[in-house]
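Student: File follows, upload_16.pdb with PDB, C-alpha atoms and all ligand atoms:
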```pdb
ATOM      1  CA  MET A1405      -7.193  -4.983 -12.950
ATOM      2  CA  ALA A1406      -4.438  -7.219 -11.560
ATOM      3  CA  ALA A1407      -2.545  -4.275 -10.094
ATOM      4  CA  ILE A1408      -5.671  -3.054  -8.305
ATOM      5  CA  ARG A1409      -6.351  -6.530  -6.943
ATOM      6  CA  ASP A1410      -2.752  -6.777  -5.749
ATOM      7  CA  ALA A1411      -2.990  -3.314  -4.198
ATOM      8  CA  VAL A1412      -6.136  -4.188  -2.230
ATOM      9  CA  GLU A1413      -4.564  -7.456  -1.085
ATOM     10  CA  ILE A1414      -1.457  -5.632   0.137
ATOM     11  CA  GLY A1415      -3.586  -3.129   2.066
ATOM     12  CA  TYR A1416      -3.976  -0.044  -0.138
ATOM     13  CA  ARG A1417      -7.297   1.663   0.489
ATOM     14  CA  VAL A1418      -6.952   5.007  -1.317
ATOM     15  CA  PHE A1419      -7.469   4.933  -5.085
ATOM     16  CA  ASP A1420      -7.028   8.016  -7.228
ATOM     17  CA  THR A1421      -8.513   8.428 -10.682
ATOM     18  CA  ALA A1422     -10.109  11.058 -12.947
ATOM     19  CA  GLU A1423     -12.609  11.287 -15.766
ATOM     20  CA  MET A1424      -9.641  12.407 -17.894
ATOM     21  CA  TYR A1425      -7.587   9.225 -17.423
ATOM     22  CA  GLY A1426      -8.240   7.145 -20.525
ATOM     23  CA  GLU A1427     -11.377   9.291 -21.044
ATOM     24  CA  GLY A1428     -13.262   7.295 -18.429
ATOM     25  CA  GLY A1429     -11.401   4.040 -19.088
ATOM     26  CA  ALA A1430      -9.372   4.223 -15.862
ATOM     27  CA  GLU A1431     -12.532   4.757 -13.801
ATOM     28  CA  GLU A1432     -14.166   1.768 -15.482
ATOM     29  CA  VAL A1433     -11.245  -0.534 -14.730
ATOM     30  CA  LEU A1434     -11.023   0.708 -11.141
ATOM     31  CA  GLY A1435     -14.784   0.315 -10.676
ATOM     32  CA  ARG A1436     -14.746  -3.243 -11.989
ATOM     33  CA  ALA A1437     -11.758  -4.260  -9.890
ATOM     34  CA  LEU A1438     -13.105  -2.729  -6.672
ATOM     35  CA  ALA A1439     -16.563  -4.227  -7.255
ATOM     36  CA  ASP A1440     -14.914  -7.666  -7.637
ATOM     37  CA  GLU A1441     -12.923  -7.142  -4.456
ATOM     38  CA  MET A1442     -15.995  -6.065  -2.500
ATOM     39  CA  ARG A1443     -17.992  -9.045  -3.813
ATOM     40  CA  SER A1444     -15.259 -11.474  -2.804
ATOM     41  CA  GLN A1445     -14.938  -9.751   0.613
ATOM     42  CA  GLY A1446     -11.409  -8.599  -0.178
ATOM     43  CA  VAL A1447     -12.403  -5.174   1.100
ATOM     44  CA  ARG A1448     -15.466  -3.393   2.451
ATOM     45  CA  ARG A1449     -16.797  -0.224   0.865
ATOM     46  CA  GLU A1450     -16.367   1.816   4.047
ATOM     47  CA  GLN A1451     -12.654   0.954   4.102
ATOM     48  CA  LEU A1452     -12.066   2.580   0.720
ATOM     49  CA  LEU A1453     -11.347   6.169  -0.160
ATOM     50  CA  VAL A1454     -11.980   6.653  -3.856
ATOM     51  CA  VAL A1455     -10.881   9.936  -5.394
ATOM     52  CA  SER A1456     -11.904  11.197  -8.805
ATOM     53  CA  LYS A1457     -11.602  14.489 -10.650
ATOM     54  CA  ALA A1458     -13.698  16.566 -13.001
ATOM     55  CA  TYR A1459     -12.386  18.447 -16.020
ATOM     56  CA  PRO A1460     -12.370  22.242 -15.521
ATOM     57  CA  TYR A1461     -14.793  22.584 -18.421
ATOM     58  CA  HIS A1462     -17.297  20.469 -16.460
ATOM     59  CA  ALA A1463     -16.972  22.694 -13.411
ATOM     60  CA  ASP A1464     -20.302  24.516 -13.524
ATOM     61  CA  VAL A1465     -23.296  23.209 -11.570
ATOM     62  CA  ALA A1466     -24.900  21.225 -14.393
ATOM     63  CA  GLY A1467     -21.583  20.040 -15.818
ATOM     64  CA  LEU A1468     -20.384  18.743 -12.459
ATOM     65  CA  ARG A1469     -23.609  16.819 -11.972
ATOM     66  CA  ARG A1470     -23.313  15.158 -15.351
ATOM     67  CA  ALA A1471     -19.599  14.443 -14.947
ATOM     68  CA  CYS A1472     -20.050  13.079 -11.437
ATOM     69  CA  ASP A1473     -22.979  10.863 -12.488
ATOM     70  CA  ALA A1474     -20.873   9.447 -15.321
ATOM     71  CA  SER A1475     -17.887   8.888 -13.005
ATOM     72  CA  ARG A1476     -20.054   7.171 -10.380
ATOM     73  CA  ARG A1477     -21.542   4.926 -13.036
ATOM     74  CA  ARG A1478     -18.110   3.938 -14.348
ATOM     75  CA  LEU A1479     -16.788   3.469 -10.800
ATOM     76  CA  GLN A1480     -19.897   1.468  -9.835
ATOM     77  CA  LEU A1481     -20.210   3.620  -6.720
ATOM     78  CA  ASP A1482     -23.141   5.576  -5.288
ATOM     79  CA  THR A1483     -20.747   8.024  -3.667
ATOM     80  CA  ILE A1484     -17.295   9.298  -4.603
ATOM     81  CA  ASP A1485     -15.373   9.875  -1.376
ATOM     82  CA  LEU A1486     -13.361  12.826  -2.608
ATOM     83  CA  TYR A1487     -14.190  14.708  -5.796
ATOM     84  CA  LEU A1488     -11.665  17.216  -7.114
ATOM     85  CA  LEU A1489     -11.575  19.964  -9.679
ATOM     86  CA  HIS A1490      -8.653  18.666 -11.786
ATOM     87  CA  TRP A1491      -7.243  22.144 -12.419
ATOM     88  CA  ARG A1492      -8.583  25.679 -12.444
ATOM     89  CA  GLY A1493     -10.346  26.723 -15.623
ATOM     90  CA  GLU A1494     -12.676  29.491 -16.735
ATOM     91  CA  THR A1495     -15.700  28.656 -14.556
ATOM     92  CA  PRO A1496     -16.011  30.980 -11.553
ATOM     93  CA  LEU A1497     -14.950  29.073  -8.435
ATOM     94  CA  ALA A1498     -18.141  30.137  -6.625
ATOM     95  CA  GLU A1499     -20.156  28.159  -9.160
ATOM     96  CA  THR A1500     -17.918  25.100  -8.755
ATOM     97  CA  ILE A1501     -18.338  25.229  -4.970
ATOM     98  CA  GLU A1502     -22.102  25.441  -5.449
ATOM     99  CA  GLY A1503     -21.928  22.396  -7.751
ATOM    100  CA  PHE A1504     -19.848  20.421  -5.246
ATOM    101  CA  GLN A1505     -22.229  21.309  -2.415
ATOM    102  CA  ARG A1506     -25.239  20.134  -4.390
ATOM    103  CA  LEU A1507     -23.491  16.847  -5.087
ATOM    104  CA  GLN A1508     -22.728  16.524  -1.383
ATOM    105  CA  HIS A1509     -26.337  17.166  -0.420
ATOM    106  CA  ALA A1510     -27.461  14.552  -2.938
ATOM    107  CA  GLY A1511     -25.030  12.022  -1.440
ATOM    108  CA  ALA A1512     -23.077  11.736  -4.711
ATOM    109  CA  ILE A1513     -19.807  12.838  -3.092
ATOM    110  CA  ARG A1514     -18.566  12.913   0.496
ATOM    111  CA  HIS A1515     -15.892  15.581   0.275
ATOM    112  CA  TRP A1516     -14.669  17.952  -2.391
ATOM    113  CA  GLY A1517     -11.342  19.531  -3.165
ATOM    114  CA  VAL A1518      -9.079  20.875  -5.872
ATOM    115  CA  SER A1519      -5.947  19.926  -7.750
ATOM    116  CA  ASN A1520      -3.060  21.932  -9.194
ATOM    117  CA  PHE A1521      -4.073  25.018  -7.204
ATOM    118  CA  ASP A1522      -1.218  27.322  -6.250
ATOM    119  CA  ILE A1523      -1.427  29.671  -3.298
ATOM    120  CA  ASP A1524      -3.215  32.503  -5.160
ATOM    121  CA  ASP A1525      -5.872  30.052  -6.353
ATOM    122  CA  MET A1526      -6.267  28.750  -2.793
ATOM    123  CA  ARG A1527      -6.631  32.284  -1.470
ATOM    124  CA  ASP A1528      -9.301  33.024  -4.074
ATOM    125  CA  LEU A1529     -11.122  29.839  -3.086
ATOM    126  CA  ALA A1530     -10.892  30.518   0.639
ATOM    127  CA  GLY A1531     -12.312  34.000   0.125
ATOM    128  CA  LEU A1532     -15.562  32.564  -1.224
ATOM    129  CA  LYS A1533     -18.597  31.386   0.700
ATOM    130  CA  SER A1534     -17.974  27.772   1.816
ATOM    131  CA  GLY A1535     -14.539  27.819   0.165
ATOM    132  CA  ASP A1536     -13.111  26.745   3.519
ATOM    133  CA  ALA A1537     -14.872  23.383   3.136
ATOM    134  CA  CYS A1538     -12.212  22.311   0.606
ATOM    135  CA  ALA A1539     -10.775  19.032   1.953
ATOM    136  CA  ALA A1540      -7.632  18.626  -0.136
ATOM    137  CA  ASN A1541      -5.393  20.089  -2.805
ATOM    138  CA  GLN A1542      -3.672  17.482  -4.983
ATOM    139  CA  VAL A1543      -0.386  18.829  -6.326
ATOM    140  CA  TYR A1544       2.979  17.661  -7.612
ATOM    141  CA  TYR A1545       5.227  17.223  -4.590
ATOM    142  CA  SER A1546       8.307  15.080  -4.248
ATOM    143  CA  LEU A1547      11.858  15.238  -2.944
ATOM    144  CA  SER A1548      12.988  16.883  -6.167
ATOM    145  CA  GLU A1549       9.901  19.122  -6.542
ATOM    146  CA  ARG A1550       9.740  20.871  -3.185
ATOM    147  CA  GLY A1551       8.448  24.241  -4.417
ATOM    148  CA  VAL A1552       5.152  23.894  -2.482
ATOM    149  CA  GLU A1553       7.054  24.110   0.804
ATOM    150  CA  PHE A1554       7.798  27.786   0.271
ATOM    151  CA  ASP A1555       4.247  29.047   0.699
ATOM    152  CA  LEU A1556       1.505  26.655  -0.433
ATOM    153  CA  LEU A1557       2.085  23.849   2.058
ATOM    154  CA  PRO A1558       2.325  26.155   5.117
ATOM    155  CA  TRP A1559      -0.871  27.880   3.939
ATOM    156  CA  LEU A1560      -2.689  24.538   3.548
ATOM    157  CA  ARG A1561      -1.543  23.476   7.011
ATOM    158  CA  GLN A1562      -2.766  26.716   8.497
ATOM    159  CA  HIS A1563      -6.178  26.182   6.898
ATOM    160  CA  GLY A1564      -6.473  22.483   7.749
ATOM    161  CA  ILE A1565      -6.442  21.336   4.119
ATOM    162  CA  ALA A1566      -4.631  18.116   3.219
ATOM    163  CA  LEU A1567      -1.966  18.070   0.533
ATOM    164  CA  MET A1568      -2.159  14.969  -1.673
ATOM    165  CA  ALA A1569       1.236  14.548  -3.295
ATOM    166  CA  TYR A1570       1.041  13.293  -6.856
ATOM    167  CA  CYS A1571       4.116  12.074  -8.758
ATOM    168  CA  PRO A1572       5.676  11.415  -5.341
ATOM    169  CA  ILE A1573       8.550   9.535  -6.959
ATOM    170  CA  ASP A1574       8.743  11.829  -9.971
ATOM    171  CA  GLY A1575       7.105   9.360 -12.289
ATOM    172  CA  GLY A1576       9.808   6.840 -11.350
ATOM    173  CA  ARG A1577      12.699   9.118 -12.379
ATOM    174  CA  ILE A1578      13.901   9.787  -8.858
ATOM    175  CA  THR A1579      14.726   6.116  -8.426
ATOM    176  CA  SER A1580      17.700   6.539 -10.758
ATOM    177  CA  ASN A1581      19.177   9.499  -8.865
ATOM    178  CA  PRO A1582      22.699   8.206  -8.004
ATOM    179  CA  ALA A1583      23.009   9.995  -4.636
ATOM    180  CA  LEU A1584      19.563   8.889  -3.516
ATOM    181  CA  LYS A1585      20.241   5.325  -4.647
ATOM    182  CA  LYS A1586      23.515   5.261  -2.739
ATOM    183  CA  LEU A1587      21.976   6.636   0.458
ATOM    184  CA  ALA A1588      19.043   4.237   0.217
ATOM    185  CA  ALA A1589      21.269   1.234  -0.436
ATOM    186  CA  SER A1590      23.458   2.077   2.547
ATOM    187  CA  HIS A1591      20.369   1.631   4.750
ATOM    188  CA  GLY A1592      19.051  -1.439   2.957
ATOM    189  CA  VAL A1593      16.031   0.297   1.409
ATOM    190  CA  SER A1594      15.122   1.330  -2.133
ATOM    191  CA  ALA A1595      15.331   4.872  -3.532
ATOM    192  CA  ALA A1596      11.532   4.932  -4.016
ATOM    193  CA  GLN A1597      10.996   3.898  -0.407
ATOM    194  CA  LEU A1598      13.269   6.631   0.840
ATOM    195  CA  ALA A1599      11.545   9.259  -1.323
ATOM    196  CA  LEU A1600       8.112   8.136  -0.110
ATOM    197  CA  ALA A1601       9.138   7.825   3.527
ATOM    198  CA  TRP A1602      10.490  11.379   3.372
ATOM    199  CA  LEU A1603       7.140  12.628   2.031
ATOM    200  CA  LEU A1604       5.162  10.739   4.649
ATOM    201  CA  ARG A1605       7.129  12.502   7.391
ATOM    202  CA  GLN A1606       5.753  15.855   6.253
ATOM    203  CA  PRO A1607       2.746  16.825   8.378
ATOM    204  CA  GLN A1608      -0.629  16.912   6.626
ATOM    205  CA  VAL A1609       0.766  15.304   3.488
ATOM    206  CA  MET A1610      -0.325  12.050   1.907
ATOM    207  CA  ALA A1611       1.236  10.474  -1.169
ATOM    208  CA  ILE A1612      -0.458   8.694  -4.064
ATOM    209  CA  PRO A1613       2.280   6.730  -5.850
ATOM    210  CA  LYS A1614       1.264   4.787  -8.932
ATOM    211  CA  ALA A1615       2.649   1.289  -9.418
ATOM    212  CA  GLY A1616       1.604  -1.351 -11.906
ATOM    213  CA  ARG A1617       4.123  -3.931 -10.733
ATOM    214  CA  LYS A1618       3.493  -5.920  -7.588
ATOM    215  CA  ALA A1619       7.108  -5.572  -6.493
ATOM    216  CA  HIS A1620       6.700  -1.793  -6.659
ATOM    217  CA  LEU A1621       3.388  -1.916  -4.800
ATOM    218  CA  LEU A1622       5.056  -3.865  -2.009
ATOM    219  CA  ASP A1623       8.128  -1.670  -1.991
ATOM    220  CA  ASN A1624       5.997   1.464  -1.671
ATOM    221  CA  TRP A1625       3.716  -0.043   0.966
ATOM    222  CA  ASN A1626       6.685  -0.898   3.143
ATOM    223  CA  SER A1627       7.959   2.680   3.004
ATOM    224  CA  GLN A1628       5.451   3.391   5.784
ATOM    225  CA  ARG A1629       7.419   1.273   8.206
ATOM    226  CA  LEU A1630      10.930   2.573   7.680
ATOM    227  CA  GLN A1631      12.759   3.509  10.862
ATOM    228  CA  LEU A1632      15.804   5.490   9.845
ATOM    229  CA  PRO A1633      18.255   7.591  11.819
ATOM    230  CA  ASN A1634      17.971  11.380  11.746
ATOM    231  CA  ALA A1635      21.211  11.580   9.790
ATOM    232  CA  VAL A1636      19.393  10.151   6.768
ATOM    233  CA  TRP A1637      16.788  12.905   6.765
ATOM    234  CA  GLN A1638      19.527  15.482   7.217
ATOM    235  CA  GLU A1639      21.412  14.079   4.259
ATOM    236  CA  LEU A1640      18.269  14.218   2.144
ATOM    237  CA  GLU A1641      17.854  17.891   3.077
ATOM    238  CA  ALA A1642      21.367  18.519   1.781
ATOM    239  CA  LEU A1643      20.810  16.526  -1.421
ATOM    240  CA  PHE A1644      17.383  18.018  -2.169
ATOM    241  CA  PRO A1645      17.303  21.430  -0.477
ATOM    242  CA  ALA A1646      14.052  23.151   0.465
ATOM    243  CA  PRO A1647      13.098  26.134  -1.732
ATOM    244  CA  THR A1648      14.320  29.546  -0.665
ATOM    245  CA  ARG A1649      12.076  31.521  -3.021
ATOM    246  CA  LYS A1650       8.705  31.257  -4.710
ATOM    247  CA  ARG A1651       8.551  28.838  -7.615
ATOM    248  CA  SER A1652       5.507  28.354  -9.778
ATOM    249  CA  LEU A1653       3.660  25.142  -9.133
ATOM    250  CA  ALA A1654       5.061  22.140 -11.007
ATOM    251  CA  MET A1655       2.466  20.219 -12.985
ATOM    252  CA  ARG A1656       2.236  17.041 -14.988
TER     253      ARG A1656
HETATM  254  N1  LIG B   1      -3.889  15.747 -10.185
HETATM  255  C1  LIG B   1      -3.071  15.681 -11.219
HETATM  256  O1  LIG B   1      -3.015  16.593 -12.061
HETATM  257  C2  LIG B   1      -2.188  14.482 -11.367
HETATM  258  C3  LIG B   1      -1.135  14.488 -12.308
HETATM  259  C4  LIG B   1      -0.319  13.350 -12.400
HETATM  260  C5  LIG B   1      -0.591  12.251 -11.613
HETATM  261  N2  LIG B   1      -1.638  12.255 -10.721
HETATM  262  C6  LIG B   1      -1.960  11.085  -9.876
HETATM  263  O2  LIG B   1      -0.795  10.713  -9.169
HETATM  264  C7  LIG B   1      -0.511   9.325  -9.376
HETATM  265  C8  LIG B   1       0.971   9.093  -9.334
HETATM  266  O3  LIG B   1       1.638   9.916 -10.256
HETATM  267  P1  LIG B   1       2.581   9.363 -11.438
HETATM  268  O4  LIG B   1       2.137   8.021 -11.900
HETATM  269  O5  LIG B   1       2.641  10.410 -12.468
HETATM  270  O6  LIG B   1       4.021   9.321 -10.778
HETATM  271  P2  LIG B   1       4.723   8.415  -9.638
HETATM  272  O7  LIG B   1       3.745   7.734  -8.777
HETATM  273  O8  LIG B   1       5.694   9.340  -9.008
HETATM  274  O9  LIG B   1       5.563   7.345 -10.493
HETATM  275  C9  LIG B   1       4.991   6.242 -11.140
HETATM  276  C10 LIG B   1       6.101   5.480 -11.866
HETATM  277  O10 LIG B   1       7.064   5.037 -10.908
HETATM  278  C11 LIG B   1       7.237   3.633 -11.017
HETATM  279  N3  LIG B   1       7.369   3.097  -9.664
HETATM  280  C12 LIG B   1       6.411   2.988  -8.710
HETATM  281  N4  LIG B   1       6.907   2.469  -7.593
HETATM  282  C13 LIG B   1       8.214   2.235  -7.812
HETATM  283  C14 LIG B   1       9.253   1.688  -7.038
HETATM  284  N5  LIG B   1       9.042   1.295  -5.784
HETATM  285  N6  LIG B   1      10.490   1.585  -7.586
HETATM  286  C15 LIG B   1      10.716   1.988  -8.872
HETATM  287  N7  LIG B   1       9.766   2.525  -9.663
HETATM  288  C16 LIG B   1       8.532   2.633  -9.137
HETATM  289  C17 LIG B   1       5.982   3.097 -11.681
HETATM  290  O11 LIG B   1       6.315   1.910 -12.358
HETATM  291  P3  LIG B   1       5.296   0.675 -12.562
HETATM  292  O12 LIG B   1       3.939   1.280 -12.872
HETATM  293  O13 LIG B   1       5.900  -0.085 -13.676
HETATM  294  O14 LIG B   1       5.231  -0.126 -11.300
HETATM  295  C18 LIG B   1       5.616   4.255 -12.601
HETATM  296  O15 LIG B   1       6.366   4.178 -13.790
HETATM  297  C19 LIG B   1      -1.179   9.002 -10.714
HETATM  298  O16 LIG B   1      -1.486   7.644 -10.832
HETATM  299  C20 LIG B   1      -2.421   9.877 -10.661
HETATM  300  O17 LIG B   1      -3.448   9.186  -9.950
HETATM  301  C21 LIG B   1      -2.424  13.358 -10.581
END
```
Rewrite the coordinates I just gave you, this time as structure tokens.
Ligand SMILES: NC(=O)c1ccc[n+]([C@@H]2O[C@H](COP(=O)([O-])OP(=O)(O)OC[C@H]3O[C@@H](n4cnc5c(N)ncnc54)[C@H](OP(=O)(O)O)[C@@H]3O)[C@@H](O)[C@H]2O)c1
Tutor:
Amino acid sequence: MAAIRDAVEIGYRVFDTAEMYGEGGAEEVLGRALADEMRSQGVRREQLLVVSKAYPYHADVAGLRRACDASRRRLQLDTIDLYLLHWRGETPLAETIEGFQRLQHAGAIRHWGVSNFDIDDMRDLAGLKSGDACAANQVYYSLSERGVEFDLLPWLRQHGIALMAYCPIDGGRITSNPALKKLAASHGVSAAQLALAWLLRQPQVMAIPKAGRKAHLLDNWNSQRLQLPNAVWQELEALFPAPTRKRSLAMR
């Protein structure tokens, strides 16, 4: 609760959750905190972009309706701004699209998308009726997990689909990378800030770092304002080279 309050106060407006996180518990906490903030005028509903995700085994028409209703209830929201299929399962994608569209027509969600979809999954999706309405693909992408740049990210750009980068600081691990720490320190910024600023420079990419501590929330927020010389980005390219061949999608 406190971290969400702090985040809203700092200026964060995108909140990512899933029915899986704490089996609904994370949605409940987020819903309570955002409702408090809206009541106390800390933020207005239309300023927020709330993302949630359905389990693949809820991805048929009826399952999505039930899962979405339960998520909306826990989130205390009439509409989820972006509703994602958490990962691809057994349900035919055509049925999932149909389920998402029905939710859209009912006003239960604004946009729909997917998560953990590699390029073949995206191609399958795009080949289906209304598959091109997918708004985003949320995947693992960070300085040290650049596999998506080989084929998935260019494909998403070509099709106008946003990439939401999860684990953008590798679950915190990248902040102890000695070379990154040294480079960051030499420019008076933190390793996390440098990793996030690098991601934010990539066209059509947004990052969803998680931070419980206020100092981290502030640190990450300020990564948006970094003005660094080109030499820094070049050095990062040398330290964390772009992929030269296909790698399977990293997942957490
Ligand atoms: N779609 C999917 O399948 C999927 C999978 C994984 C995650 N996600 C989403 O992506 C979000 C982020 O992923 P993540 O939590 O796995 O990884 P992350 O954001 O890369 O890393 C979070 C960790 O980094 C630490 N941290 C944050 N800011 C920091 C800073 N400035 N300096 C040092 N450490 C810092 C946090 O510590 P404190 O919390 O102590 O501040 C936390 O331990 C999740 O919350 C979730 O919403 C989606």
Student: Within 10 Å of (-19.8, -3.7, -6.4) (file coordinates; only C-alpha atoms), which protein or nucleic acid residues are there? I'd like them as JSON, numbers by chain.
Tutor: {"A": [1435, 1436, 1437, 1438, 1439, 1440, 1441, 1442, 1443, 1444, 1448, 1449, 1479, 1480, 1481, 1482]}
Student: Give, as JSON, the centre coordinates and the x, y and z edge lengths in Å to one decimal for an axis-aligned box around all listed atoms of ligand LIG 1 (chain B), padded by 8 Å on each side.
Tutor:
```
{"center_x": 3.4, "center_y": 8.2, "center_z": -9.8, "size_x": 30.6, "size_y": 32.7, "size_z": 24.0}
```
Student: On this structure, which residues satisfy the PyMOL selection byres (((not hetatm)) within 8 of (chain B and resi 1)), written as an MDAnalysis selection string?
Tutor: chainID A and resid 1419:1422 1457 1490:1491 1519:1520 1542:1544 1546 1569:1577 1579 1594:1597 1612:1624 1655:1656
Student: Looking at only C-alpha atoms, which of A:Pro1582, A:Gly1551, A:Gly1429, A:Gly1531 is the one that sits closest to Ala1474 of chain A?
Tutor: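 Among A:Pro1582, A:Gly1551, A:Gly1429, A:Gly1531, it is A:Gly1429 that comes nearest to Ala1474 of chain A.
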Student: What are the nearest atom pairs, with distances in Å to one decimal, for all residues of segment 1466-1485 of chain A that come at most 8 Å from segment 1501-1517 of chain A, using only C-alpha atoms, set out by chain and rising residue number as JSON lines?
Tutor:
```
{"residue": "A:Ala1466", "atom": "CA", "partner": "A:Gly1503", "partner_atom": "CA", "distance": 7.4}
{"residue": "A:Leu1468", "atom": "CA", "partner": "A:Gly1503", "partner_atom": "CA", "distance": 6.2}
{"residue": "A:Arg1469", "atom": "CA", "partner": "A:Leu1507", "partner_atom": "CA", "distance": 6.9}
{"residue": "A:Cys1472", "atom": "CA", "partner": "A:Ala1512", "partner_atom": "CA", "distance": 7.5}
{"residue": "A:Asp1473", "atom": "CA", "partner": "A:Ala1512", "partner_atom": "CA", "distance": 7.8}
{"residue": "A:Arg1476", "atom": "CA", "partner": "A:Ala1512", "partner_atom": "CA", "distance": 7.9}
{"residue": "A:Asp1482", "atom": "CA", "partner": "A:Ala1512", "partner_atom": "CA", "distance": 6.2}
{"residue": "A:Thr1483", "atom": "CA", "partner": "A:Ala1512", "partner_atom": "CA", "distance": 4.5}
{"residue": "A:Ile1484", "atom": "CA", "partner": "A:Ile1513", "partner_atom": "CA", "distance": 4.6}
{"residue": "A:Asp1485", "atom": "CA", "partner": "A:Arg1514", "partner_atom": "CA", "distance": 4.8}
```
Student: Can you find the residues with an atom no farther than 9 Å from (-8.9, -4.8, -14.9), counting all atoms listed in the file, and report them as a CSV table (one decimal) with C-alpha atoms, in the frame of the given file?
Tutor:
```csv
chain,number,residue,atom,x,y,z
A,1405,MET,CA,-7.2,-5.0,-13.0
A,1406,ALA,CA,-4.4,-7.2,-11.6
A,1407,ALA,CA,-2.5,-4.3,-10.1
A,1408,ILE,CA,-5.7,-3.1,-8.3
A,1409,ARG,CA,-6.4,-6.5,-6.9
A,1432,GLU,CA,-14.2,1.8,-15.5
A,1433,VAL,CA,-11.2,-0.5,-14.7
A,1434,LEU,CA,-11.0,0.7,-11.1
A,1435,GLY,CA,-14.8,0.3,-10.7
A,1436,ARG,CA,-14.7,-3.2,-12.0
A,1437,ALA,CA,-11.8,-4.3,-9.9
```
Student: Check the smallest atom-to-atom distance from each of A:Cys1538, A:Leu1598, A:Ala1463, A:Ala1471 to Gln1631 of chain A using all atoms listed in the file, then report the winner.
Tutor: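 Looking only at the distances to Gln1631 of chain A, the closest residue turns out to be A:Leu1598.
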Student: So that I can check the surroundings of Arg1527 of chain A, please list as a PyMOL selection string every protein, DNA and RNA residue that reaches within 12 Å of it, counting only C-alpha atoms and ignoring chain neighbours fewer than 5 positions away.
Tutor: chain A and resi 1497+1521-1522+1532+1535-1536+1538+1555-1556+1559-1560+1563
